[in-house]
>>> print(open('coords36.cif').read())   # mmCIF, N, CA and C atoms
data_start
#
loop_
_atom_site.group_PDB
_atom_site.id
_atom_site.type_symbol
_atom_site.label_atom_id
_atom_site.label_comp_id
_atom_site.auth_asym_id
_atom_site.auth_seq_id
_atom_site.Cartn_x
_atom_site.Cartn_y
_atom_site.Cartn_z
ATOM 1 N N MET A 20 67.899 86.066 37.045
ATOM 2 C CA MET A 20 67.959 84.722 36.524
ATOM 3 C C MET A 20 66.537 84.173 36.420
ATOM 4 N N ASP A 21 66.264 83.484 35.328
ATOM 5 C CA ASP A 21 64.950 82.894 35.118
ATOM 6 C C ASP A 21 64.801 81.620 35.941
ATOM 7 N N THR A 22 63.574 81.329 36.308
ATOM 8 C CA THR A 22 63.269 80.108 37.035
ATOM 9 C C THR A 22 62.812 79.055 36.042
ATOM 10 N N LEU A 23 63.310 77.862 36.211
ATOM 11 C CA LEU A 23 62.897 76.752 35.364
ATOM 12 C C LEU A 23 61.785 75.991 36.073
ATOM 13 N N HIS A 24 60.647 75.892 35.421
ATOM 14 C CA HIS A 24 59.531 75.130 35.966
ATOM 15 C C HIS A 24 59.428 73.823 35.187
ATOM 16 N N VAL A 25 59.453 72.719 35.894
ATOM 17 C CA VAL A 25 59.385 71.395 35.273
ATOM 18 C C VAL A 25 58.061 70.752 35.653
ATOM 19 N N TRP A 26 57.345 70.271 34.640
ATOM 20 C CA TRP A 26 56.089 69.587 34.917
ATOM 21 C C TRP A 26 56.366 68.324 35.717
ATOM 22 N N PRO A 27 55.478 67.979 36.636
ATOM 23 C CA PRO A 27 55.702 66.808 37.496
ATOM 24 C C PRO A 27 56.040 65.528 36.718
ATOM 25 N N ASP A 28 55.403 65.331 35.557
ATOM 26 C CA ASP A 28 55.665 64.124 34.766
ATOM 27 C C ASP A 28 57.097 64.081 34.221
ATOM 28 N N ASN A 29 57.773 65.224 34.201
ATOM 29 C CA ASN A 29 59.107 65.301 33.606
ATOM 30 C C ASN A 29 60.224 65.469 34.633
ATOM 31 N N VAL A 30 59.886 65.492 35.905
ATOM 32 C CA VAL A 30 60.897 65.750 36.937
ATOM 33 C C VAL A 30 62.011 64.711 36.899
ATOM 34 N N ARG A 31 61.655 63.444 36.837
ATOM 35 C CA ARG A 31 62.695 62.407 36.853
ATOM 36 C C ARG A 31 63.598 62.512 35.622
ATOM 37 N N ALA A 32 63.008 62.748 34.447
ATOM 38 C CA ALA A 32 63.813 62.886 33.233
ATOM 39 C C ALA A 32 64.720 64.110 33.337
ATOM 40 N N TRP A 33 64.206 65.208 33.890
ATOM 41 C CA TRP A 33 65.031 66.410 34.056
ATOM 42 C C TRP A 33 66.182 66.148 35.025
ATOM 43 N N GLN A 34 65.906 65.475 36.119
ATOM 44 C CA GLN A 34 66.964 65.167 37.084
ATOM 45 C C GLN A 34 68.030 64.283 36.448
ATOM 46 N N PHE A 35 67.609 63.313 35.658
ATOM 47 C CA PHE A 35 68.560 62.452 34.962
ATOM 48 C C PHE A 35 69.384 63.280 33.988
ATOM 49 N N PHE A 36 68.714 64.120 33.195
ATOM 50 C CA PHE A 36 69.400 64.980 32.223
ATOM 51 C C PHE A 36 70.417 65.879 32.927
ATOM 52 N N ALA A 37 70.030 66.457 34.034
ATOM 53 C CA ALA A 37 70.921 67.368 34.771
ATOM 54 C C ALA A 37 72.127 66.631 35.342
ATOM 55 N N SER A 38 72.013 65.331 35.554
ATOM 56 C CA SER A 38 73.122 64.565 36.136
ATOM 57 C C SER A 38 74.081 64.012 35.083
ATOM 58 N N ILE A 39 73.784 64.193 33.816
ATOM 59 C CA ILE A 39 74.593 63.602 32.748
ATOM 60 C C ILE A 39 76.014 64.179 32.729
ATOM 61 N N GLY A 40 76.133 65.443 33.027
ATOM 62 C CA GLY A 40 77.462 66.048 33.148
ATOM 63 C C GLY A 40 78.330 65.893 31.924
ATOM 64 N N THR A 41 79.413 65.141 32.037
ATOM 65 C CA THR A 41 80.412 65.040 30.974
ATOM 66 C C THR A 41 80.116 63.941 29.968
ATOM 67 N N ARG A 42 78.948 63.373 29.993
ATOM 68 C CA ARG A 42 78.635 62.256 29.096
ATOM 69 C C ARG A 42 78.113 62.737 27.741
ATOM 70 N N TRP A 43 78.746 63.777 27.227
ATOM 71 C CA TRP A 43 78.438 64.310 25.903
ATOM 72 C C TRP A 43 79.560 63.918 24.954
ATOM 73 N N SER A 44 79.221 63.738 23.707
ATOM 74 C CA SER A 44 80.203 63.474 22.667
ATOM 75 C C SER A 44 80.459 64.785 21.927
ATOM 76 N N TYR A 45 81.724 65.031 21.598
ATOM 77 C CA TYR A 45 82.108 66.281 20.936
ATOM 78 C C TYR A 45 82.737 65.978 19.588
ATOM 79 N N GLY A 46 82.434 66.814 18.597
ATOM 80 C CA GLY A 46 83.004 66.660 17.273
ATOM 81 C C GLY A 46 84.402 67.260 17.194
ATOM 82 N N PRO A 47 85.024 67.194 16.023
ATOM 83 C CA PRO A 47 86.385 67.701 15.850
ATOM 84 C C PRO A 47 86.519 69.199 16.151
ATOM 85 N N SER A 48 85.436 69.927 15.990
ATOM 86 C CA SER A 48 85.481 71.372 16.242
ATOM 87 C C SER A 48 85.351 71.701 17.728
ATOM 88 N N GLY A 49 85.108 70.677 18.549
ATOM 89 C CA GLY A 49 84.917 70.906 19.979
ATOM 90 C C GLY A 49 83.480 71.196 20.358
ATOM 91 N N ARG A 50 82.581 71.127 19.385
ATOM 92 C CA ARG A 50 81.158 71.372 19.638
ATOM 93 C C ARG A 50 80.471 70.069 20.033
ATOM 94 N N PRO A 51 79.496 70.114 20.953
ATOM 95 C CA PRO A 51 78.773 68.897 21.318
ATOM 96 C C PRO A 51 77.938 68.403 20.142
ATOM 97 N N VAL A 52 77.905 67.084 19.965
ATOM 98 C CA VAL A 52 77.124 66.489 18.882
ATOM 99 C C VAL A 52 76.045 65.540 19.402
ATOM 100 N N GLY A 53 76.031 65.278 20.702
ATOM 101 C CA GLY A 53 75.019 64.403 21.279
ATOM 102 C C GLY A 53 75.553 63.692 22.501
ATOM 103 N N PHE A 54 74.681 62.916 23.105
ATOM 104 C CA PHE A 54 75.079 62.138 24.274
ATOM 105 C C PHE A 54 75.965 60.974 23.850
ATOM 106 N N ARG A 55 76.782 60.520 24.752
ATOM 107 C CA ARG A 55 77.482 59.245 24.610
ATOM 108 C C ARG A 55 76.545 58.193 25.198
ATOM 109 N N TRP A 56 75.638 57.708 24.364
ATOM 110 C CA TRP A 56 74.579 56.828 24.839
ATOM 111 C C TRP A 56 75.130 55.564 25.491
ATOM 112 N N GLU A 57 76.284 55.078 25.032
ATOM 113 C CA GLU A 57 76.836 53.853 25.635
ATOM 114 C C GLU A 57 77.169 54.061 27.105
ATOM 115 N N SER A 58 77.426 55.307 27.490
ATOM 116 C CA SER A 58 77.702 55.577 28.904
ATOM 117 C C SER A 58 76.416 55.837 29.696
ATOM 118 N N LEU A 59 75.329 56.107 28.987
ATOM 119 C CA LEU A 59 74.059 56.369 29.668
ATOM 120 C C LEU A 59 73.240 55.096 29.903
ATOM 121 N N TYR A 60 73.418 54.085 29.056
ATOM 122 C CA TYR A 60 72.595 52.888 29.190
ATOM 123 C C TYR A 60 72.691 52.224 30.562
ATOM 124 N N PRO A 61 73.886 52.070 31.156
ATOM 125 C CA PRO A 61 73.910 51.475 32.505
ATOM 126 C C PRO A 61 73.142 52.311 33.530
ATOM 127 N N LEU A 62 73.204 53.626 33.391
ATOM 128 C CA LEU A 62 72.465 54.502 34.306
ATOM 129 C C LEU A 62 70.959 54.383 34.072
ATOM 130 N N LEU A 63 70.571 54.294 32.796
ATOM 131 C CA LEU A 63 69.158 54.107 32.468
ATOM 132 C C LEU A 63 68.652 52.780 33.019
ATOM 133 N N ASP A 64 69.486 51.748 32.922
ATOM 134 C CA ASP A 64 69.074 50.431 33.433
ATOM 135 C C ASP A 64 68.761 50.481 34.928
ATOM 136 N N ARG A 65 69.545 51.268 35.661
ATOM 137 C CA ARG A 65 69.303 51.378 37.108
ATOM 138 C C ARG A 65 68.132 52.306 37.419
ATOM 139 N N ALA A 66 68.014 53.376 36.649
ATOM 140 C CA ALA A 66 66.967 54.364 36.921
ATOM 141 C C ALA A 66 65.586 53.865 36.514
ATOM 142 N N ALA A 67 65.534 53.006 35.504
ATOM 143 C CA ALA A 67 64.242 52.541 34.990
ATOM 144 C C ALA A 67 64.336 51.063 34.620
ATOM 145 N N PRO A 68 64.261 50.166 35.599
ATOM 146 C CA PRO A 68 64.382 48.739 35.296
ATOM 147 C C PRO A 68 63.212 48.161 34.497
ATOM 148 N N ASP A 69 62.039 48.783 34.579
ATOM 149 C CA ASP A 69 60.880 48.330 33.811
ATOM 150 C C ASP A 69 61.062 48.737 32.340
ATOM 151 N N PRO A 70 60.903 47.816 31.370
ATOM 152 C CA PRO A 70 61.156 48.143 29.962
ATOM 153 C C PRO A 70 60.336 49.323 29.433
ATOM 154 N N ASP A 71 59.074 49.415 29.810
ATOM 155 C CA ASP A 71 58.252 50.536 29.331
ATOM 156 C C ASP A 71 58.730 51.857 29.936
ATOM 157 N N ASP A 72 59.054 51.819 31.199
ATOM 158 C CA ASP A 72 59.565 53.004 31.889
ATOM 159 C C ASP A 72 60.911 53.428 31.293
ATOM 160 N N TRP A 73 61.756 52.450 30.985
ATOM 161 C CA TRP A 73 63.068 52.696 30.383
ATOM 162 C C TRP A 73 62.893 53.401 29.037
ATOM 163 N N ALA A 74 61.975 52.880 28.212
ATOM 164 C CA ALA A 74 61.736 53.456 26.888
ATOM 165 C C ALA A 74 61.211 54.890 27.000
ATOM 166 N N GLU A 75 60.341 55.130 27.960
ATOM 167 C CA GLU A 75 59.798 56.482 28.144
ATOM 168 C C GLU A 75 60.892 57.455 28.587
ATOM 169 N N LEU A 76 61.732 57.027 29.523
ATOM 170 C CA LEU A 76 62.815 57.888 29.992
ATOM 171 C C LEU A 76 63.799 58.164 28.858
ATOM 172 N N ARG A 77 64.110 57.155 28.062
ATOM 173 C CA ARG A 77 65.027 57.354 26.941
ATOM 174 C C ARG A 77 64.433 58.340 25.935
ATOM 175 N N LEU A 78 63.146 58.224 25.645
ATOM 176 C CA LEU A 78 62.492 59.159 24.733
ATOM 177 C C LEU A 78 62.591 60.590 25.260
ATOM 178 N N HIS A 79 62.327 60.778 26.540
ATOM 179 C CA HIS A 79 62.427 62.118 27.128
ATOM 180 C C HIS A 79 63.854 62.655 27.012
ATOM 181 N N LEU A 80 64.833 61.789 27.211
ATOM 182 C CA LEU A 80 66.229 62.221 27.104
ATOM 183 C C LEU A 80 66.590 62.581 25.661
ATOM 184 N N GLU A 81 66.059 61.833 24.695
ATOM 185 C CA GLU A 81 66.306 62.162 23.287
ATOM 186 C C GLU A 81 65.750 63.545 22.950
ATOM 187 N N ILE A 82 64.577 63.852 23.474
ATOM 188 C CA ILE A 82 63.959 65.160 23.226
ATOM 189 C C ILE A 82 64.800 66.262 23.864
ATOM 190 N N MET A 83 65.259 66.039 25.102
ATOM 191 C CA MET A 83 66.088 67.047 25.778
ATOM 192 C C MET A 83 67.446 67.199 25.103
ATOM 193 N N GLU A 84 68.003 66.104 24.616
ATOM 194 C CA GLU A 84 69.274 66.160 23.895
ATOM 195 C C GLU A 84 69.133 67.044 22.655
ATOM 196 N N ALA A 85 68.078 66.812 21.878
ATOM 197 C CA ALA A 85 67.849 67.600 20.665
ATOM 198 C C ALA A 85 67.641 69.074 21.003
ATOM 199 N N ALA A 86 66.873 69.350 22.047
ATOM 200 C CA ALA A 86 66.631 70.738 22.448
ATOM 201 C C ALA A 86 67.913 71.407 22.929
ATOM 202 N N ALA A 87 68.738 70.683 23.675
ATOM 203 C CA ALA A 87 70.004 71.249 24.160
ATOM 204 C C ALA A 87 70.934 71.557 22.995
ATOM 205 N N LEU A 88 71.000 70.660 22.009
ATOM 206 C CA LEU A 88 71.864 70.908 20.850
ATOM 207 C C LEU A 88 71.351 72.093 20.027
ATOM 208 N N ALA A 89 70.041 72.207 19.898
ATOM 209 C CA ALA A 89 69.470 73.351 19.171
ATOM 210 C C ALA A 89 69.767 74.653 19.896
ATOM 211 N N ALA A 90 69.640 74.649 21.216
ATOM 212 C CA ALA A 90 69.933 75.855 22.000
ATOM 213 C C ALA A 90 71.410 76.207 21.894
ATOM 214 N N TYR A 91 72.285 75.215 21.943
ATOM 215 C CA TYR A 91 73.720 75.473 21.829
ATOM 216 C C TYR A 91 74.024 76.130 20.484
ATOM 217 N N THR A 92 73.430 75.594 19.413
ATOM 218 C CA THR A 92 73.653 76.156 18.085
ATOM 219 C C THR A 92 73.106 77.581 17.983
ATOM 220 N N GLU A 93 71.972 77.832 18.632
ATOM 221 C CA GLU A 93 71.375 79.167 18.602
ATOM 222 C C GLU A 93 72.269 80.186 19.313
ATOM 223 N N PHE A 94 72.789 79.819 20.465
ATOM 224 C CA PHE A 94 73.554 80.769 21.263
ATOM 225 C C PHE A 94 75.044 80.777 20.930
ATOM 226 N N PHE A 95 75.536 79.700 20.340
ATOM 227 C CA PHE A 95 76.939 79.610 19.949
ATOM 228 C C PHE A 95 77.025 79.092 18.520
ATOM 229 N N PRO A 96 76.629 79.929 17.550
ATOM 230 C CA PRO A 96 76.627 79.457 16.161
ATOM 231 C C PRO A 96 78.037 79.093 15.708
ATOM 232 N N PRO A 97 78.122 78.139 14.779
ATOM 233 C CA PRO A 97 79.437 77.774 14.275
ATOM 234 C C PRO A 97 80.115 78.970 13.598
ATOM 235 N N PRO A 98 81.429 79.041 13.649
ATOM 236 C CA PRO A 98 82.118 80.162 13.007
ATOM 237 C C PRO A 98 81.921 80.128 11.489
ATOM 238 N N LYS A 99 81.846 81.293 10.906
ATOM 239 C CA LYS A 99 81.694 81.411 9.453
ATOM 240 C C LYS A 99 83.042 81.155 8.809
ATOM 241 N N ARG A 100 83.013 80.504 7.686
ATOM 242 C CA ARG A 100 84.261 80.197 6.971
ATOM 243 C C ARG A 100 84.472 81.140 5.832
#
>>> encode(input="coords36.cif", output="structure tokens")
Amino acid sequence: MDTLHVWPDNVRAWQFFASIGTRWSYGPSGRPVGFRWESLYPLLDRAAPDPDDWAELRLHLEIMEAAALAAYTEFFPPPKR
């Protein structure tokens, strides 16, 4: 198994991302399409009460969301029709 190394500046964002669990939205095909952001905002409000800190954490989560969706598509491509 590979080891994941997280840069110190990204540890909090990674921990938040890892705790998201079931807060993903799924399309009709059952594939993930992104976070359910409405369920993440209350958690973001508690994790980052400072507006600048909140915006930075949200940006990091958007980047991780996009990377996770790209990885999912790479490893589980949609079925051919």
>>> select_by_dssp(input="coords36.cif", residues="chain A", states="alpha helix (DSSP H)", output="number ranges by chain")
A: 30-38, 56-66, 70-94
>>> atom_distance(input="coords36.cif", atom1="atom CA of A:Pro61", atom2="atom CA of A:Ala90")
26.8 Å
>>> closest_residue(input="coords36.cif", among="A:Ser58, A:Thr22, A:Thr41, A:Ser48", to="A:Pro96", atoms="only C-alpha atoms")
A:Ser48
>>> atom_distance(input="coords36.cif", atom1="atom CA of A:Leu78", atom2="atom CA of A:Phe95")
25.5 Å
>>> closest_residue(input="coords36.cif", among="A:Ala32, A:Val25, A:Ala37, A:Pro47", to="A:Glu75", atoms="all atoms listed in the file")
A:Ala32
>>> atom_distance(input="coords36.cif", atom1="atom C of A:Trp43", atom2="atom CA of A:Glu93")
18.4 Å
>>> residues_around(input="coords36.cif", residues="stretch 50-55 of chain A", least_positions_apart="4", cutoff="8 Å", atoms="all atoms listed in the file", output="count of residues only")
12
>>> select_by_dssp(input="coords36.cif", residues="chain A", states="strand (DSSP E or B)", output="ChimeraX atom specification")
/A:43-45,51-54
>>> residues_around(input="coords36.cif", residues="A:Gln34", least_positions_apart="4", cutoff="12 Å", atoms="only C-alpha atoms", output="number ranges by chain")
A: 25-30, 38-40, 66, 76, 79-80, 83
>>> closest_residue(input="coords36.cif", among="A:Ala89, A:Ile82, A:Leu62, A:Ala74", to="A:Trp33", atoms="only C-alpha atoms")
A:Ile82
>>> decode(input="coords36.cif", residues="stretch 37-82 of chain A", atoms="C-alpha atoms", output="PDB file, in the first residue's frame")
ATOM      1  CA  ALA A  37     -11.425  12.631   4.791  1.00  0.00           C
ATOM      2  CA  SER A  38     -14.292  13.294   7.222  1.00  0.00           C
ATOM      3  CA  ILE A  39     -16.846  14.148   4.517  1.00  0.00           C
ATOM      4  CA  GLY A  40     -17.938  10.530   4.217  1.00  0.00           C
ATOM      5  CA  THR A  41     -21.442  10.291   2.763  1.00  0.00           C
ATOM      6  CA  ARG A  42     -21.798  13.971   1.885  1.00  0.00           C
ATOM      7  CA  TRP A  43     -21.432  13.288  -1.836  1.00  0.00           C
ATOM      8  CA  SER A  44     -24.130  13.841  -4.425  1.00  0.00           C
ATOM      9  CA  TYR A  45     -24.779  11.026  -6.906  1.00  0.00           C
ATOM     10  CA  GLY A  46     -26.264  11.201 -10.389  1.00  0.00           C
ATOM     11  CA  PRO A  47     -28.932   8.900 -11.846  1.00  0.00           C
ATOM     12  CA  SER A  48     -26.279   6.374 -12.860  1.00  0.00           C
ATOM     13  CA  GLY A  49     -25.095   6.067  -9.254  1.00  0.00           C
ATOM     14  CA  ARG A  50     -21.817   7.842 -10.005  1.00  0.00           C
ATOM     15  CA  PRO A  51     -20.617  10.670  -7.724  1.00  0.00           C
ATOM     16  CA  VAL A  52     -21.037  14.128  -9.247  1.00  0.00           C
ATOM     17  CA  GLY A  53     -19.700  16.304  -6.418  1.00  0.00           C
ATOM     18  CA  PHE A  54     -20.106  17.281  -2.814  1.00  0.00           C
ATOM     19  CA  ARG A  55     -23.444  18.177  -1.295  1.00  0.00           C
ATOM     20  CA  TRP A  56     -22.151  21.624  -0.422  1.00  0.00           C
ATOM     21  CA  GLU A  57     -25.292  22.543   1.544  1.00  0.00           C
ATOM     22  CA  SER A  58     -24.344  19.837   4.032  1.00  0.00           C
ATOM     23  CA  LEU A  59     -20.725  21.000   4.201  1.00  0.00           C
ATOM     24  CA  TYR A  60     -21.331  24.692   4.898  1.00  0.00           C
ATOM     25  CA  PRO A  61     -22.286  24.220   8.584  1.00  0.00           C
ATOM     26  CA  LEU A  62     -19.142  22.131   9.074  1.00  0.00           C
ATOM     27  CA  LEU A  63     -17.040  24.738   7.270  1.00  0.00           C
ATOM     28  CA  ASP A  64     -18.530  27.450   9.478  1.00  0.00           C
ATOM     29  CA  ARG A  65     -17.329  25.603  12.577  1.00  0.00           C
ATOM     30  CA  ALA A  66     -13.963  24.558  11.168  1.00  0.00           C
ATOM     31  CA  ALA A  67     -13.071  28.006   9.830  1.00  0.00           C
ATOM     32  CA  PRO A  68     -14.976  30.870  11.485  1.00  0.00           C
ATOM     33  CA  ASP A  69     -12.630  33.502  10.001  1.00  0.00           C
ATOM     34  CA  PRO A  70     -13.922  34.514   6.504  1.00  0.00           C
ATOM     35  CA  ASP A  71     -10.485  34.368   4.854  1.00  0.00           C
ATOM     36  CA  ASP A  72      -9.725  31.015   6.445  1.00  0.00           C
ATOM     37  CA  TRP A  73     -13.177  29.740   5.401  1.00  0.00           C
ATOM     38  CA  ALA A  74     -12.575  30.787   1.781  1.00  0.00           C
ATOM     39  CA  GLU A  75      -9.158  29.111   1.729  1.00  0.00           C
ATOM     40  CA  LEU A  76     -10.519  25.857   3.161  1.00  0.00           C
ATOM     41  CA  ARG A  77     -13.395  25.876   0.668  1.00  0.00           C
ATOM     42  CA  LEU A  78     -10.952  26.412  -2.214  1.00  0.00           C
ATOM     43  CA  HIS A  79      -8.843  23.464  -1.047  1.00  0.00           C
ATOM     44  CA  LEU A  80     -11.969  21.309  -0.837  1.00  0.00           C
ATOM     45  CA  GLU A  81     -13.025  22.321  -4.364  1.00  0.00           C
ATOM     46  CA  ILE A  82      -9.612  21.238  -5.661  1.00  0.00           C
TER      47      ILE A  82
END
